[in-house]
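Below is the file run-v5.tsv, which contains TSV, C-alpha atoms.
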chain	number	residue	atom	x	y	z
C	1	MET	CA	0.00	0.00	0.00
C	2	ILE	CA	1.33	3.46	-0.91
C	3	LEU	CA	1.20	6.24	1.67
C	4	GLY	CA	-1.62	8.67	0.92
C	5	LYS	CA	-3.78	6.13	-0.88
C	6	SER	CA	-7.16	5.30	0.55
C	7	THR	CA	-7.10	2.51	3.12
C	8	GLU	CA	-9.73	-0.18	2.85
C	9	TYR	CA	-10.99	-1.06	6.32
C	10	PRO	CA	-12.38	-4.51	7.07
C	11	LYS	CA	-16.11	-4.62	7.70
C	12	ASP	CA	-15.95	-7.74	9.88
C	13	TYR	CA	-13.48	-9.46	12.21
C	14	ALA	CA	-10.37	-9.92	10.06
C	15	PRO	CA	-7.38	-11.76	11.57
C	16	GLN	CA	-6.10	-12.32	8.04
C	17	VAL	CA	-5.02	-8.65	7.83
C	18	LEU	CA	-2.31	-9.22	10.45
C	19	GLU	CA	1.21	-9.20	9.01
C	20	ALA	CA	4.52	-10.05	10.61
C	21	PHE	CA	8.13	-9.23	9.82
C	22	GLU	CA	11.48	-10.61	10.95
C	23	ASN	CA	12.87	-9.67	14.34
C	24	LYS	CA	16.43	-8.49	13.70
C	25	HIS	CA	17.24	-8.59	17.43
C	26	LYS	CA	16.33	-12.19	18.27
C	27	GLY	CA	19.03	-12.41	20.93
C	28	ASN	CA	17.54	-9.54	22.93
C	29	ASP	CA	14.61	-9.70	25.28
C	30	TYR	CA	12.56	-6.54	24.92
C	31	PHE	CA	8.95	-5.47	25.14
C	32	VAL	CA	6.93	-4.08	22.26
C	33	LYS	CA	3.79	-2.29	23.44
C	34	PHE	CA	0.77	-1.17	21.43
C	35	ASN	CA	-1.76	1.23	22.92
C	36	CYS	CA	-5.06	1.50	21.08
C	37	PRO	CA	-7.23	4.14	22.80
C	38	GLU	CA	-9.96	4.00	20.13
C	39	PHE	CA	-10.95	0.32	20.21
C	40	THR	CA	-14.63	-0.40	19.65
C	41	SER	CA	-16.75	-3.51	19.54
C	42	LEU	CA	-20.45	-4.16	20.02
C	43	CYS	CA	-22.34	-5.52	22.99
C	44	PRO	CA	-23.53	-8.99	21.89
C	45	ILE	CA	-26.85	-8.47	23.72
C	46	THR	CA	-27.85	-4.88	22.91
C	47	SER	CA	-25.60	-4.15	19.88
C	48	GLN	CA	-24.59	-0.88	21.55
C	49	PRO	CA	-20.98	0.17	21.02
C	50	ASP	CA	-18.35	-0.58	23.64
C	51	PHE	CA	-15.24	1.62	23.80
C	52	ALA	CA	-11.86	0.70	25.28
C	53	THR	CA	-8.17	1.27	25.36
C	54	ILE	CA	-6.41	-1.95	24.43
C	55	TYR	CA	-2.84	-2.55	25.56
C	56	VAL	CA	-0.83	-5.29	23.85
C	57	SER	CA	2.67	-5.96	25.21
C	58	TYR	CA	4.87	-8.76	23.99
C	59	ILE	CA	8.42	-10.06	23.98
C	60	PRO	CA	9.08	-11.10	20.39
C	61	ASP	CA	10.90	-14.20	19.30
C	62	GLU	CA	11.36	-14.62	15.54
C	63	LYS	CA	8.70	-12.16	14.35
C	64	LEU	CA	7.08	-8.82	15.14
C	65	VAL	CA	3.65	-7.57	14.11
C	66	GLU	CA	3.49	-4.78	11.53
C	67	SER	CA	1.79	-1.75	13.11
C	68	LYS	CA	-0.60	-0.78	10.31
C	69	SER	CA	-1.86	-4.36	10.06
C	70	MET	CA	-2.37	-4.27	13.84
C	71	LYS	CA	-4.42	-1.09	13.52
C	72	LEU	CA	-6.59	-2.59	10.77
C	73	TYR	CA	-6.99	-5.80	12.77
C	74	LEU	CA	-8.12	-4.00	15.93
C	75	PHE	CA	-10.42	-1.81	13.84
C	76	SER	CA	-12.05	-4.98	12.45
C	77	PHE	CA	-13.72	-5.56	15.84
C	78	ARG	CA	-15.97	-2.49	15.40
C	79	ASN	CA	-18.89	-4.58	14.06
C	80	VAL	CA	-18.24	-7.63	16.22
C	81	GLY	CA	-20.83	-8.45	18.86
C	82	GLU	CA	-18.67	-9.96	21.57
C	83	PHE	CA	-18.11	-9.75	25.30
C	84	HIS	CA	-15.05	-7.80	26.47
C	85	GLU	CA	-13.31	-10.86	27.86
C	86	ASN	CA	-13.70	-12.72	24.57
C	87	CYS	CA	-12.31	-9.79	22.55
C	88	ILE	CA	-9.18	-9.67	24.70
C	89	ASN	CA	-8.55	-13.42	24.57
C	90	THR	CA	-9.18	-13.53	20.82
C	91	ILE	CA	-6.65	-10.75	20.23
C	92	MET	CA	-4.05	-12.58	22.30
C	93	LYS	CA	-4.62	-15.93	20.58
C	94	ASP	CA	-4.52	-14.40	17.09
C	95	LEU	CA	-1.19	-12.75	17.90
C	96	ILE	CA	0.19	-15.98	19.36
C	97	ASN	CA	-0.77	-17.77	16.13
C	98	LEU	CA	0.90	-15.05	14.04
C	99	LEU	CA	4.05	-14.41	16.07
C	100	ASN	CA	4.72	-17.31	18.43
C	101	PRO	CA	6.09	-14.73	20.91
C	102	LYS	CA	8.16	-15.53	23.97
C	103	TYR	CA	5.59	-13.68	26.09
C	104	ILE	CA	2.42	-11.65	25.44
C	105	GLU	CA	-0.23	-9.88	27.48
C	106	VAL	CA	-3.40	-8.09	26.42
C	107	TRP	CA	-5.32	-5.76	28.70
C	108	GLY	CA	-8.59	-4.07	27.80
C	109	LYS	CA	-9.75	-1.06	29.76
C	110	PHE	CA	-13.35	-0.57	28.73
C	111	MET	CA	-15.45	2.52	29.32
C	112	PRO	CA	-18.30	1.94	31.77
C	113	ARG	CA	-21.77	0.97	30.65
C	114	GLY	CA	-24.50	0.76	33.23
C	115	GLY	CA	-22.13	2.11	35.87
C	116	ILE	CA	-19.53	-0.67	35.57
C	117	SER	CA	-16.26	-0.76	33.67
C	118	ILE	CA	-14.68	-4.11	32.83
C	119	ASP	CA	-10.90	-4.45	32.43
C	120	PRO	CA	-10.06	-8.01	31.31
C	121	TYR	CA	-6.42	-9.09	31.26
C	122	CYS	CA	-4.87	-12.22	29.76
C	123	ASN	CA	-1.34	-13.36	29.13
C	124	TYR	CA	0.79	-16.21	27.82
C	125	GLY	CA	4.38	-17.36	28.23
C	126	LYS	CA	5.93	-19.88	25.87
C	127	PRO	CA	5.59	-23.30	27.57
C	128	GLY	CA	8.74	-24.89	28.92
C	129	THR	CA	10.65	-21.59	29.02
C	130	LYS	CA	11.30	-18.95	31.66
C	131	TYR	CA	8.51	-16.92	30.03
C	132	GLU	CA	5.95	-19.42	31.32
C	133	GLN	CA	6.95	-18.40	34.86
C	134	VAL	CA	6.93	-14.71	33.85
C	135	ALA	CA	3.33	-15.15	32.66
C	136	PHE	CA	2.26	-16.75	35.94
C	137	TYR	CA	3.96	-14.03	37.99
C	138	ARG	CA	2.49	-11.19	35.92
C	139	LEU	CA	-0.98	-12.74	36.03
C	140	GLN	CA	-0.80	-12.91	39.82
C	141	ASN	CA	0.45	-9.32	40.09
C	142	HIS	CA	-1.00	-7.57	37.05
C	143	ASP	CA	-3.18	-5.16	39.02
C	144	MET	CA	-1.35	-4.81	42.34
C	145	ASN	CA	-1.00	-1.04	41.87
C	146	PRO	CA	-4.13	-0.06	39.95
C	147	GLU	CA	-4.27	3.42	38.51
C	148	THR	CA	-6.78	5.97	39.68
C	149	VAL	CA	-9.57	5.92	37.14
C	150	ASP	CA	-10.39	9.55	36.51
C	151	ASN	CA	-11.14	9.67	32.81
C	152	ARG	CA	-14.02	7.25	32.54
Here is the file; what I need is its structure written in the form of structure tokens.
Amino acid sequence: MILGKSTEYPKDYAPQVLEAFENKHKGNDYFVKFNCPEFTSLCPITSQPDFATIYVSYIPDEKLVESKSMKLYLFSFRNVGEFHENCINTIMKDLINLLNPKYIEVWGKFMPRGGISIDPYCNYGKPGTKYEQVAFYRLQNHDMNPETVDNR
């Protein structure tokens, strides 16, 4: 795609738009973090829109996800009627299938509806490696110092 040309956005859930590229620093452990403050999906019961900030953090192994494909992928949820928890787990599993990362976590911070906000968190560490223990530790401690929610 050439910069400046019109982008075609998926109308439905589209994991096939995700693209990966080679990690040129395979010997390094480092986090890559995506923040998507404009994520939307639909309530599967009422079809009303749900808004969230999605955080995806991962330690790459062989591959990294291309950022524009990530944007288009996350945008593809806008017409999906799905519960928050399912959106977050689907995102994580799709990225595991694409990247086979050493470690990944996905956290959704959804705007409140009906007076309640839901912030599902999931993670994964490659089995049989030190990242499996990292995943367990981070899952146990992921919200030990929660932020003050003042913007929702």
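We find atom CA of C:Lys11 and atom CA of C:Leu72 to be spaced 10.2 Å apart.
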Would you mind listing what lies within 8 Å of stretch 52-62 of chain C as a PyMOL selection string, with all atoms listed in the file counted and same-chain residues fewer than 5 positions away left out?
chain C and resi 22-23+26+29-40+99-111
Considering only C-alpha atoms, return as a ChimeraX atom specification whatever protein or nucleic-acid residues lie within 12 Å of C:Arg113, sequence-local ones (same chain, fewer than 3 positions apart) excluded.
/C:42-43,46,48-52,84,110,116-118,152
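Take atom CA of C:Thr129 and atom CA of C:Asp143: the distance between them is 23.7 Å.
Proximity of C:Val17, C:Asp12, C:Asn89, C:Asn145 to C:Asn123, computed with all atoms listed in the file, is greatest for C:Asn89.
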Find the residues near stretch 13-16 of chain C: any atom within 8 Å, counting all atoms listed in the file, skip ones fewer than 5 places away on the same chain, and give them as a list in words.
Tyr73, Ser76, Phe77, Asn79, Val80 and Asp94 of chain C
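Considering all atoms listed in the file, the residue among C:Ile96, C:Ala20, C:Ile45, C:Leu139 positioned nearest to C:Lys68 is C:Ala20.
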Measure the distance from atom CA of C:Ser69 to atom CA of C:Met92 in Å and round it to one decimal.
14.9 Å
